[in-house]
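Trainee: Just one file: query.cif, with mmCIF, C-alpha atoms and all ligand atoms.
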data_start
#
loop_
_atom_site.label_atom_id
_atom_site.label_comp_id
_atom_site.auth_asym_id
_atom_site.auth_seq_id
_atom_site.Cartn_x
_atom_site.Cartn_y
_atom_site.Cartn_z
CA MET W 1 -48.38 28.44 -13.57
CA SER W 2 -46.55 28.33 -16.88
CA ASP W 3 -42.78 28.68 -16.64
CA THR W 4 -41.54 28.52 -20.21
CA SER W 5 -38.17 29.95 -19.19
CA ALA W 6 -37.23 26.82 -17.24
CA VAL W 7 -34.40 25.16 -19.20
CA GLU W 8 -31.82 22.60 -18.10
CA SER W 9 -28.50 23.26 -19.78
CA ASP W 10 -27.66 19.59 -20.23
CA CYS W 11 -31.07 18.36 -21.36
CA LEU W 12 -31.45 16.84 -24.84
CA PHE W 13 -35.12 17.78 -25.21
CA CYS W 14 -34.54 21.36 -23.95
CA LYS W 15 -32.00 21.60 -26.78
CA ILE W 16 -34.49 20.32 -29.35
CA VAL W 17 -37.11 22.78 -28.06
CA SER W 18 -34.62 25.66 -28.34
CA GLY W 19 -33.38 24.57 -31.77
CA GLU W 20 -29.83 23.95 -30.56
CA ILE W 21 -30.20 20.30 -31.67
CA PRO W 22 -32.29 19.46 -34.75
CA GLY W 23 -35.55 17.58 -34.42
CA GLU W 24 -38.22 16.69 -36.97
CA ILE W 25 -40.83 18.99 -35.49
CA VAL W 26 -44.41 18.22 -36.54
CA HIS W 27 -46.54 20.43 -34.25
CA VAL W 28 -46.06 23.35 -31.90
CA THR W 29 -48.30 25.11 -29.40
CA GLU W 30 -47.72 27.85 -26.86
CA ARG W 31 -46.51 25.35 -24.27
CA THR W 32 -45.55 22.25 -26.28
CA VAL W 33 -43.37 21.00 -29.10
CA ALA W 34 -43.91 17.67 -30.90
CA PHE W 35 -41.20 15.93 -32.91
CA ARG W 36 -40.63 12.47 -34.39
CA ASP W 37 -38.91 9.89 -32.23
CA ILE W 38 -35.44 9.21 -33.64
CA ASN W 39 -36.01 5.47 -33.16
CA GLY W 40 -39.64 5.16 -34.19
CA GLN W 41 -41.52 2.09 -32.97
CA ALA W 42 -44.63 2.61 -35.12
CA PRO W 43 -45.50 4.35 -38.40
CA THR W 44 -46.35 7.40 -36.28
CA HIS W 45 -44.10 7.75 -33.22
CA VAL W 46 -44.03 11.33 -32.03
CA LEU W 47 -42.84 12.76 -28.71
CA VAL W 48 -44.81 15.70 -27.32
CA VAL W 49 -42.83 17.70 -24.76
CA PRO W 50 -43.46 20.82 -22.72
CA ARG W 51 -41.25 23.75 -23.64
CA ALA W 52 -40.34 24.06 -19.96
CA HIS W 53 -38.17 21.48 -18.26
CA TYR W 54 -39.93 19.08 -15.91
CA PRO W 55 -38.41 15.65 -15.27
CA ASN W 56 -41.58 13.57 -15.59
CA ALA W 57 -45.33 13.69 -16.18
CA ALA W 58 -46.32 14.04 -12.51
CA ALA W 59 -43.90 16.92 -11.95
CA LEU W 60 -45.35 18.68 -15.00
CA ALA W 61 -48.94 18.11 -13.85
CA ALA W 62 -48.10 19.56 -10.43
CA GLY W 63 -46.10 22.50 -11.77
CA ASP W 64 -48.01 23.44 -14.91
CA PRO W 65 -51.38 21.70 -15.27
CA GLU W 66 -52.24 23.66 -18.41
CA ALA W 67 -49.13 22.42 -20.17
CA SER W 68 -49.91 18.92 -18.95
CA ALA W 69 -53.33 19.05 -20.61
CA GLU W 70 -51.84 20.64 -23.70
CA LEU W 71 -49.55 17.63 -24.19
CA VAL W 72 -52.62 15.43 -24.61
CA THR W 73 -54.52 17.79 -26.89
CA ALA W 74 -51.38 18.30 -28.99
CA ALA W 75 -50.92 14.52 -29.30
CA ALA W 76 -54.55 14.17 -30.39
CA ALA W 77 -54.03 16.88 -33.00
CA VAL W 78 -50.96 15.12 -34.39
CA ALA W 79 -52.79 11.77 -34.49
CA ALA W 80 -55.67 13.38 -36.38
CA ALA W 81 -53.32 15.16 -38.77
CA GLU W 82 -51.65 11.84 -39.57
CA GLY W 83 -55.00 10.11 -40.13
CA HIS W 84 -55.19 7.98 -36.99
CA ASP W 85 -58.41 7.50 -35.01
CA ASP W 86 -56.70 4.92 -32.81
CA TYR W 87 -53.48 5.65 -30.99
CA ARG W 88 -51.55 4.94 -27.81
CA LEU W 89 -50.18 7.56 -25.42
CA VAL W 90 -47.39 6.59 -23.01
CA PHE W 91 -45.47 8.38 -20.26
CA ASN W 92 -42.52 6.41 -18.92
CA THR W 93 -41.64 7.56 -15.40
CA GLY W 94 -38.36 6.29 -13.98
CA ALA W 95 -35.42 4.35 -15.36
CA GLY W 96 -36.96 1.14 -14.03
CA VAL W 97 -39.72 1.28 -16.67
CA GLY W 98 -37.53 2.58 -19.46
CA GLN W 99 -37.40 6.36 -19.09
CA THR W 100 -34.12 7.46 -20.65
CA VAL W 101 -34.68 11.20 -21.16
CA PHE W 102 -35.62 13.08 -18.01
CA HIS W 103 -37.60 15.86 -19.68
CA THR W 104 -41.31 15.01 -19.67
CA HIS W 105 -42.39 13.49 -22.96
CA LEU W 106 -45.61 11.91 -24.09
CA HIS W 107 -45.11 9.13 -26.63
CA LEU W 108 -47.76 9.08 -29.37
CA LEU W 109 -47.74 5.72 -31.17
CA ALA W 110 -50.09 4.88 -34.02
CA GLY W 111 -50.42 3.15 -37.34
CA ARG W 112 -49.96 -0.50 -36.42
CA ALA W 113 -51.65 -3.17 -34.31
CA MET W 114 -50.55 -3.16 -30.66
CA THR W 115 -50.73 -5.68 -27.87
CA TRP W 116 -51.63 -5.23 -24.21
CA PRO W 117 -50.00 -5.21 -21.74
CA PRO W 118 -46.92 -3.52 -23.20
CA GLY W 119 -43.59 -5.25 -22.57
P1 LIG W 201 -38.11 7.29 -22.90
O1 LIG W 201 -37.41 5.96 -23.04
O2 LIG W 201 -39.56 7.16 -22.54
O3 LIG W 201 -37.35 8.23 -22.00
O4 LIG W 201 -38.14 7.91 -24.35
C1 LIG W 201 -37.09 8.63 -24.89
C2 LIG W 201 -37.26 8.58 -26.37
O5 LIG W 201 -36.46 9.61 -26.93
C3 LIG W 201 -36.83 7.26 -27.02
O6 LIG W 201 -37.94 6.67 -27.68
C4 LIG W 201 -35.74 7.70 -28.01
O7 LIG W 201 -35.77 6.98 -29.20
C5 LIG W 201 -36.04 9.18 -28.19
N1 LIG W 201 -34.92 10.02 -28.58
C6 LIG W 201 -33.68 10.01 -28.08
N2 LIG W 201 -32.92 10.96 -28.66
C7 LIG W 201 -33.73 11.59 -29.55
C8 LIG W 201 -33.55 12.64 -30.48
N3 LIG W 201 -32.37 13.29 -30.61
N4 LIG W 201 -34.59 13.01 -31.26
C9 LIG W 201 -35.78 12.37 -31.17
N5 LIG W 201 -36.02 11.36 -30.30
C10 LIG W 201 -35.02 10.97 -29.51
#
Show how you would write the structure in this file as structure tokens.
Mentor:
Amino acid sequence: MSDTSAVESDCLFCKIVSGEIPGEIVHVTERTVAFRDINGQAPTHVLVVPRAHYPNAAALAAGDPEASAELVTAAAAVAAAEGHDDYRLVFNTGAGVGQTVFHTHLHLLAGRAMTWPPG
């Protein structure tokens, strides 16, 4: 089920999706919006978010599987558009692993060497 009307009034990324707060938007689809991370950690660091508000990746997958898949295909499209064959996709889930914005977002990082495991 796609619920693109679901908006949280106090959510930063809902406000970027709606245009209330500016974002450097690089890609849009029916269910997703992609914009540059304000504190980029790689030459390409883009956040891909569902238009609808879900607090984390698992909640999105349960509530709107099509949007969940679209996050990944949108990230791949952005990576390709920016010339990257190799890239890293990250969902942080929970403050304990660094999630700071509780609107699902897929980090797309590319354009530099990366180590594993991440810190
Ligand atoms: P996370 O720590 O996984 O919740 O990721 C949140 C990300 O949002 C961080 O990488 C921040 O740099 C980024 N961020 C915070 N505010 C903004 C903003 N206004 N525009 C773009 N990115 C932002």
Trainee: Could you give me, as number ranges by chain, the residues within 7 Å of Val48 of chain W, counting all atoms listed in the file and dropping anything in the same chain fewer than 5 positions from it?
Mentor: W: 32-35, 71, 75, 105-107
Trainee: Given the point (-55.2, 8.1, -35.5) in the file's coordinates, find the residues that have an atom at most 9 Å from it, counting only C-alpha atoms, and give them as number ranges by chain.
Mentor: W: 44, 76, 78-87, 109-111
Trainee: Next, dump the selected residues to file, keeping only C-alpha atoms, as a short mmCIF file (atom, residue, chain, number, x, y, z; two decimals), in the coordinates of the input.
Mentor:
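Dumped everything to result.cif:
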data_model
loop_
_atom_site.label_atom_id
_atom_site.label_comp_id
_atom_site.auth_asym_id
_atom_site.auth_seq_id
_atom_site.Cartn_x
_atom_site.Cartn_y
_atom_site.Cartn_z
CA THR W 44 -46.35 7.40 -36.28
CA ALA W 76 -54.55 14.17 -30.39
CA VAL W 78 -50.96 15.12 -34.39
CA ALA W 79 -52.79 11.77 -34.49
CA ALA W 80 -55.67 13.38 -36.38
CA ALA W 81 -53.32 15.16 -38.77
CA GLU W 82 -51.65 11.84 -39.57
CA GLY W 83 -55.00 10.11 -40.13
CA HIS W 84 -55.19 7.98 -36.99
CA ASP W 85 -58.41 7.50 -35.01
CA ASP W 86 -56.70 4.92 -32.81
CA TYR W 87 -53.48 5.65 -30.99
CA LEU W 109 -47.74 5.72 -31.17
CA ALA W 110 -50.09 4.88 -34.02
CA GLY W 111 -50.42 3.15 -37.34
#
Trainee: Contacts between ligand LIG 201 (chain W) and chain W, please, where a residue of chain W counts if it comes within 10 Å (with only C-alpha atoms and all ligand atoms); show its shortest atom pair and distance in Å to one decimal, rows by chain and ascending number, as a Markdown table.
Mentor:
| residue | atom | partner | partner_atom | distance |
| --- | --- | --- | --- | --- |
| W:Leu12 | CA | W:LIG201 | N3 | 6.8 |
| W:Phe13 | CA | W:LIG201 | C8 | 7.5 |
| W:Lys15 | CA | W:LIG201 | N3 | 9.2 |
| W:Ile16 | CA | W:LIG201 | N3 | 7.5 |
| W:Ile21 | CA | W:LIG201 | N3 | 7.4 |
| W:Pro22 | CA | W:LIG201 | N3 | 7.4 |
| W:Gly23 | CA | W:LIG201 | N4 | 5.6 |
| W:Glu24 | CA | W:LIG201 | C9 | 7.6 |
| W:Ile25 | CA | W:LIG201 | C9 | 9.4 |
| W:Ala34 | CA | W:LIG201 | C9 | 9.7 |
| W:Phe35 | CA | W:LIG201 | C9 | 6.7 |
| W:Arg36 | CA | W:LIG201 | C9 | 5.8 |
| W:Asp37 | CA | W:LIG201 | N5 | 3.8 |
| W:Ile38 | CA | W:LIG201 | N5 | 4.0 |
| W:Asn39 | CA | W:LIG201 | O7 | 4.2 |
| W:Gly40 | CA | W:LIG201 | O7 | 6.6 |
| W:Gln41 | CA | W:LIG201 | O6 | 7.9 |
| W:His45 | CA | W:LIG201 | O6 | 8.4 |
| W:Val46 | CA | W:LIG201 | N5 | 8.2 |
| W:Leu47 | CA | W:LIG201 | N5 | 7.1 |
| W:Asn56 | CA | W:LIG201 | O3 | 9.4 |
| W:Val90 | CA | W:LIG201 | O2 | 7.9 |
| W:Phe91 | CA | W:LIG201 | O2 | 6.5 |
| W:Asn92 | CA | W:LIG201 | O2 | 4.7 |
| W:Thr93 | CA | W:LIG201 | O2 | 7.4 |
| W:Gly94 | CA | W:LIG201 | O3 | 8.3 |
| W:Ala95 | CA | W:LIG201 | O3 | 7.9 |
| W:Val97 | CA | W:LIG201 | O1 | 8.2 |
| W:Gly98 | CA | W:LIG201 | O1 | 4.9 |
| W:Gln99 | CA | W:LIG201 | O3 | 3.5 |
| W:Thr100 | CA | W:LIG201 | O3 | 3.6 |
| W:Val101 | CA | W:LIG201 | O3 | 4.1 |
| W:Phe102 | CA | W:LIG201 | O3 | 6.5 |
| W:His103 | CA | W:LIG201 | O3 | 8.0 |
| W:Thr104 | CA | W:LIG201 | O3 | 8.2 |
| W:His105 | CA | W:LIG201 | O2 | 6.9 |
| W:Leu106 | CA | W:LIG201 | O2 | 7.8 |
| W:His107 | CA | W:LIG201 | O2 | 7.2 |
Trainee: Taking into account all atoms listed in the file, which residue in the set W:Ala6, W:Ala61, W:Ala74, W:Leu89 is nearest to Val26 of chain W?
Mentor: W:Ala74
Trainee: Here's a test: counting only C-alpha atoms, identify every protein, DNA and RNA residue with an atom at most 8 Å from (-39.9, 23.1, -21.2) in the file's coordinate frame, and state them as a VMD selection string.
Mentor: chain W and resid 3 to 7 14 17 31 to 32 49 to 54 103
Trainee: At what distance in Å, to one decimal, does atom CA of Arg112 of chain W lie from atom CA of Pro43 of chain W?
Mentor: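 Straight-line distance from atom CA of Pro43 of chain W to atom CA of Arg112 of chain W works out to 6.9 Å.
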Trainee: Could you give me the centre and size, in Å to one decimal, of an axis-aligned box around all listed atoms of segment 99-112 of chain W with 6 Å added on every side, as lines of an AutoDock Vina configuration file?
Mentor:
center_x = -42.3
center_y = 7.7
center_z = -27.7
size_x = 28.3
size_y = 28.4
size_z = 31.3
